[in-house]
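Colleague: One structure follows; several queries about it will come next.
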Amino acid sequence: MKTYIKKFSEIAISDLPYVGGKNASLGEMYNQLISKGVKVPNGYATTSRAFWDFLDENSLRKQLEKQLMQLDTNTYSNLHTVGQNARKLILNGQFSATLSKAILDSYRHLCDNEPCAVAVRSSATAEDLPHASFAGQHDTFLNIKDEAALLEAVKKCFASLYTDRAIKYRNEKGFKHRDVALSVGIQKMVRADLGCSGVGFTIEPESGFENVILLSGVWGLGENIVQGVVNPDEFYVFKPTLELGKYPILQKKLGDKKLTMIYSKSKEADTTKNIRTPKSRQQQFVLTIEEVIKLAKWAMLIENHYKKPMDIEWAKDGITNELFIIQARPETVHHHKDKNIHIVYKLLEKGRVLTSGNAVGSKIKVGIPVTLQSPKGARNLTDDHIIVTDTITPDWDPLLKQVGGIVTNKGGRTSHAAIVARELGVPAIVGCGNATNALTDGEAITLSCAEGKTGHIYAGELEFAQEKINFSGIRMPQTEAKMILADPENAFQLSFYPNNGVGLLRMEFIITHSVQIHPMALIKFKELKNNAVIKKINTITSAYKKKEDYFIDQLSQGIATIAAAFYPKEVIVRLSDFKTNEYANLIGGEDFEPNEENPMLGFRGASRYYSELYKEGFALECAAIKKVREIMGLYNLKVMVPFCRTLEEGKKVIDRMHENGLTRGENSLEIYTMVEIPSNVILAEQFAAIFDGFSIGSNDLTQLTLGIDRDSEIMGKLFDENDLAAKRMISMAIQSAKKTNTKIGLCGQAPSDFPEYAKFLVEEGIDSISFNPDALLQGIENINKAEKSLMKFGLHA
């Protein structure tokens, strides 16, 4: 007897040739992972034999081959006609009584002989392979409720094997059309229209960083997230601390979710509509913390089972409030890449930003924007063109390989546009909001995805550089080479560089760009008088009951992202070191900062932390760091105190940190101090009794040794880190550190700019040198040369 149907309980991943990648994966998870707590809706699948017999019974094989042979595979100019004719042949075919009975008998069994809603999904037998995702190539029909509609939906799925995009995709991936069959999965419906849904990657999709899970979600049906119609909520979950039972959510970003896709009241099958999401729901995350953690654990179980990074779809039933996994396929972009090979793009000049959004990839592209309402409006597109549109759906796929870049108003990192752009290697910026209004057709632009997660589009043709780097040939020196970092958006990508951790994490960048608000303006919010400032703070902190929680949450997310990117290597975060004029530039800052003639030597660094003017703000900094370490479990994070003028001041700061829950030595907490004032050098042995390590700040130490304001245009020419007096101070600091067995490093540009400076530090016996990312590789080379030179003369670092 011919097998036309397989229940999910009868399907394993080895059945891919019979039920396609999607259904094979669903069956595999249903049988192997339900016992581990993963919920997968029950269902069944039509087999490839059912598809082939349908073609043969309707004499369609040769007719389809004849149609496909007419395809112009050079320009694809007749793709639409060929696809339309092929689909028409399928839709005009008739199911045999045997096939119809098999489908309907299984439907009745699945639904316990009662009418029930099902999802009807296509699953091609060449689908969801590790090197080809087939994402969005074939059709899905939801909320099918009766038997006639079910048979019609199955036939439409058969026909979707020949959508224009699927034909072109198979052609480009080298699959022969005659060898690919279409299986159809019929699965109990999850009422996500009344709940929420989304997607997830068990790998960070832009950088390929493998220790993070990205979950995205929207209210209602998931089609909105796939098509990029709305900007979704996003959650970044760190796998190592998830396994340890700590709070693992590094970042959570609230999307606008302006639309919710639901089923319409129409009696027609698969009829959906978008409704406006109420404001209260827009400002609410679609998942609770507990639900995020549950989905992340499921995602890890799925990844571990398949032993590869996975792309999953999830849904929450709005009636039962149950979560389900409704699909899982291999991630196809990063898994097979050589992680030692990196192509680095860098802008060489600044430009005027026209619009910004979510960066997809890390490339830079100069091109001519072409605004399109739909793919039908495309004419003579080339690699020099950048498509600008509202949103990208699977219908656009045949065009995307022709162009040099993609820009959309709507969409997130897990939208269809982002997924396909990554797979094609086409740079894209999605979710700009105003791209179709901000960009003018025919006027050259520079699309930059090389500046972190946020992509920028600049006016005109900007110069940029492109460099291919092979990390495999780089030997790490005995002297540790660390990074100086500020921007969490670059952390995952930079973690692939050869490094020994982060020697300086500048907190100020996170406060300026993510927090934006002066901490004292949050603490004393009720005392503010400026109505414009009050309104702005209320808008920014609207999702938080307590204003102070906003500061802690935003700062901790930024710090945690960098600490996780380099985990378990040490990451040293410097406490805030704004000058008073810089603090005043934060929202609400003017009310809380004194006006100083020389802020460089004024109320900055350690002096602020125990002062009545700022100690409450410092408590928020400590709370954020404590959250990262104690709650999130990132104990690789260490703390550094800047601009500590006296021994007594150092003790006061240590005491203040203890009062705020950061106790030196507790849970391996180490507290460093910057060596950037002559007093730090002169009394280094005494400072070593207060702190666990030193980091030389060569800029401040040089200016204070030479008595030069490094910001002065007049005196700037005399500022020189290579000055003998400045180097003598550094030498003294290192020798004192060695005498007291205290770790000591240096943060600065000189060791990468000047090989002789790196040699000087190595000869003195420095433990580590920290570099800006763009100087790291040159710095490592300079250290290696210095160490080799020492070995040549029988010395050692």
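In the structure tokens, the first chain shown is A, the next is B, and so on; residue numbers restart at 1 for each chain, and ligands run from 1 in the order shown.
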Would you list the contacts of A:Asn321 as a compact mmCIF listing (two decimals) with N, CA, C and O atoms, in the first residue's frame, taking every protein, DNA or RNA residue within 10 Å and counting only C-alpha atoms, but skipping same-chain residues closer than 3 positions in sequence?
Modeller:
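result.txt was written with the following content:
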# COMPACT_ATOMS: atom_id res chain seq x y z
N VAL A 190 -2.07 26.86 16.75
CA VAL A 190 -1.79 27.60 17.98
C VAL A 190 -2.43 28.98 17.80
O VAL A 190 -2.13 29.68 16.83
N ARG A 191 -3.29 29.38 18.73
CA ARG A 191 -4.03 30.63 18.55
C ARG A 191 -3.17 31.84 18.91
O ARG A 191 -3.45 32.60 19.83
N ALA A 192 -2.10 31.98 18.11
CA ALA A 192 -1.22 33.12 18.30
C ALA A 192 -1.89 34.44 17.94
O ALA A 192 -1.44 35.50 18.36
N LEU A 194 -4.49 35.46 19.10
CA LEU A 194 -4.96 35.98 20.38
C LEU A 194 -3.82 36.11 21.39
O LEU A 194 -4.04 36.56 22.50
N GLY A 195 -2.63 35.69 20.98
CA GLY A 195 -1.48 35.76 21.86
C GLY A 195 -0.33 36.49 21.18
O GLY A 195 -0.45 37.66 20.81
N CYS A 196 0.78 35.81 20.98
CA CYS A 196 1.94 36.42 20.35
C CYS A 196 2.77 35.34 19.67
O CYS A 196 2.52 34.15 19.87
N ALA A 315 5.33 30.25 19.07
CA ALA A 315 4.02 30.90 19.17
C ALA A 315 3.46 30.67 20.57
O ALA A 315 3.71 29.64 21.20
N LYS A 316 2.69 31.65 21.02
CA LYS A 316 2.00 31.53 22.31
C LYS A 316 0.49 31.56 22.07
O LYS A 316 -0.02 32.50 21.45
N ASP A 317 -0.19 30.55 22.55
CA ASP A 317 -1.64 30.46 22.40
C ASP A 317 -2.31 31.43 23.36
O ASP A 317 -2.10 31.36 24.57
N GLY A 318 -3.12 32.35 22.79
CA GLY A 318 -3.77 33.36 23.61
C GLY A 318 -4.92 32.83 24.44
O GLY A 318 -5.40 33.52 25.34
N PHE A 324 4.68 27.26 22.31
CA PHE A 324 4.97 26.13 21.43
C PHE A 324 6.11 26.49 20.48
O PHE A 324 6.27 27.66 20.10
Colleague: Do you know which residues are at most 6 Å from stretch 599-610 of chain A counting only C-alpha atoms, after dropping those on the same chain fewer than 2 positions away, and could you put them as a PDB file with C-alpha atoms, in the first residue's frame?
Modeller:
ATOM      1  CA  ASP A 577      34.848  59.530  34.475  1.00  0.00           C
ATOM      2  CA  LYS A 579      34.159  65.897  33.590  1.00  0.00           C
ATOM      3  CA  THR A 580      31.514  68.266  34.993  1.00  0.00           C
ATOM      4  CA  GLU A 596      34.268  74.856  36.584  1.00  0.00           C
ATOM      5  CA  TYR A 614      26.865  62.657  43.488  1.00  0.00           C
ATOM      6  CA  LYS A 615      27.003  59.753  45.944  1.00  0.00           C
ATOM      7  CA  PHE A 618      27.248  56.584  42.223  1.00  0.00           C
ATOM      8  CA  PRO A 642      39.566  56.578  37.825  1.00  0.00           C
ATOM      9  CA  PHE A 643      41.410  59.716  38.941  1.00  0.00           C
ATOM     10  CA  CYS A 644      41.983  58.692  42.560  1.00  0.00           C
TER      11      CYS A 644
END
Colleague: Determine, counting only C-alpha atoms, which protein, DNA and RNA residues have an atom within 12 Å of an atom of A:Ser59; residues of the same chain fewer than 5 positions away are not included. Present the result as number ranges by chain.
Modeller: A: 52-54, 64-65, 89-90, 92-94
Colleague: Give me, please, the distance in Å between atom CA of A:Arg121 and atom CA of A:Val230, quoted to one decimal.
Modeller: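 About the pair atom CA of A:Arg121 and atom CA of A:Val230: they are 23.0 Å apart.
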Colleague: What is the distance, in Å and to one decimal place, between atom CA of A:Thr288 and atom CA of A:Phe209?
Modeller: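 That distance, rounded to one decimal, is 24.7 Å.
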Colleague: I want to know what sits within 12 Å of A:Lys337, based on only C-alpha atoms, with residues of the same chain fewer than 3 positions away left out; could you give that as an mmCIF file with C-alpha atoms, in the first residue's frame?
Modeller:
data_model
loop_
_atom_site.group_PDB
_atom_site.id
_atom_site.type_symbol
_atom_site.label_atom_id
_atom_site.label_comp_id
_atom_site.auth_asym_id
_atom_site.auth_seq_id
_atom_site.Cartn_x
_atom_site.Cartn_y
_atom_site.Cartn_z
ATOM 1 C CA PRO A 130 22.478 23.490 6.359
ATOM 2 C CA HIS A 131 23.539 25.492 3.280
ATOM 3 C CA SER A 207 28.269 38.465 13.964
ATOM 4 C CA GLY A 208 27.840 34.702 14.298
ATOM 5 C CA PHE A 209 28.635 34.903 18.030
ATOM 6 C CA GLU A 331 20.973 28.489 10.492
ATOM 7 C CA THR A 332 22.563 28.849 7.061
ATOM 8 C CA VAL A 333 24.776 31.958 7.131
ATOM 9 C CA HIS A 334 27.441 31.640 9.841
ATOM 10 C CA ASN A 340 39.420 33.036 11.467
ATOM 11 C CA ILE A 341 38.695 35.018 8.307
ATOM 12 C CA HIS A 342 37.264 38.490 8.831
ATOM 13 C CA ILE A 343 36.606 41.183 6.276
ATOM 14 C CA GLU A 423 22.182 34.682 3.143
#
Colleague: Measuring between only C-alpha atoms, which one of A:Lys350, A:Arg574, A:Lys638, A:Lys363 shows the shortest distance to A:Ala486?
Modeller: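 With only C-alpha atoms as the atom set, the closest residue is A:Arg574.
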Colleague: Can you tell me, as a VMD selection string, which residues in stretch 105-266 of chain A count as strand (DSSP E) by DSSP?
Modeller: chain A and resid 118 to 124 140 to 144 182 to 188 196 to 201 212 to 219 233 to 238 249 to 253 259 to 263
Colleague: Residues within 8 Å of stretch 744-761 of chain A, please, as a VMD selection string. Count only C-alpha atoms; anything in the same chain fewer than 3 positions from it doesn't count.
Modeller: chain A and resid 484 503 to 504 693 to 699 721 to 722 734 737 764 to 772 775 to 776 778 to 780 782 to 783 785 to 787
Colleague: Could you find all residues in stretch 480-674 of chain A that DSSP calls alpha helix (DSSP H) from the backbone, and write them as JSON, numbers by chain?
Modeller: {"A": [491, 492, 493, 494, 507, 508, 509, 510, 519, 520, 521, 522, 523, 531, 532, 533, 534, 535, 536, 537, 538, 539, 540, 547, 548, 549, 550, 551, 552, 553, 554, 555, 556, 557, 558, 559, 560, 561, 562, 563, 564, 565, 580, 581, 582, 583, 584, 606, 607, 608, 609, 615, 616, 617, 618, 619, 620, 621, 622, 623, 624, 625, 626, 647, 648, 649, 650, 651, 652, 653, 654, 655, 656, 657, 658, 659]}
Colleague: Show me, as a PyMOL selection string, the residues that have an atom within 12 Å of A:Cys449 when counting only C-alpha atoms, minus same-chain residues fewer than 4 positions from it.
Modeller: chain A and resi 206-207+344-347+356-366+405-407+422+425-430+453-458+464+489-490
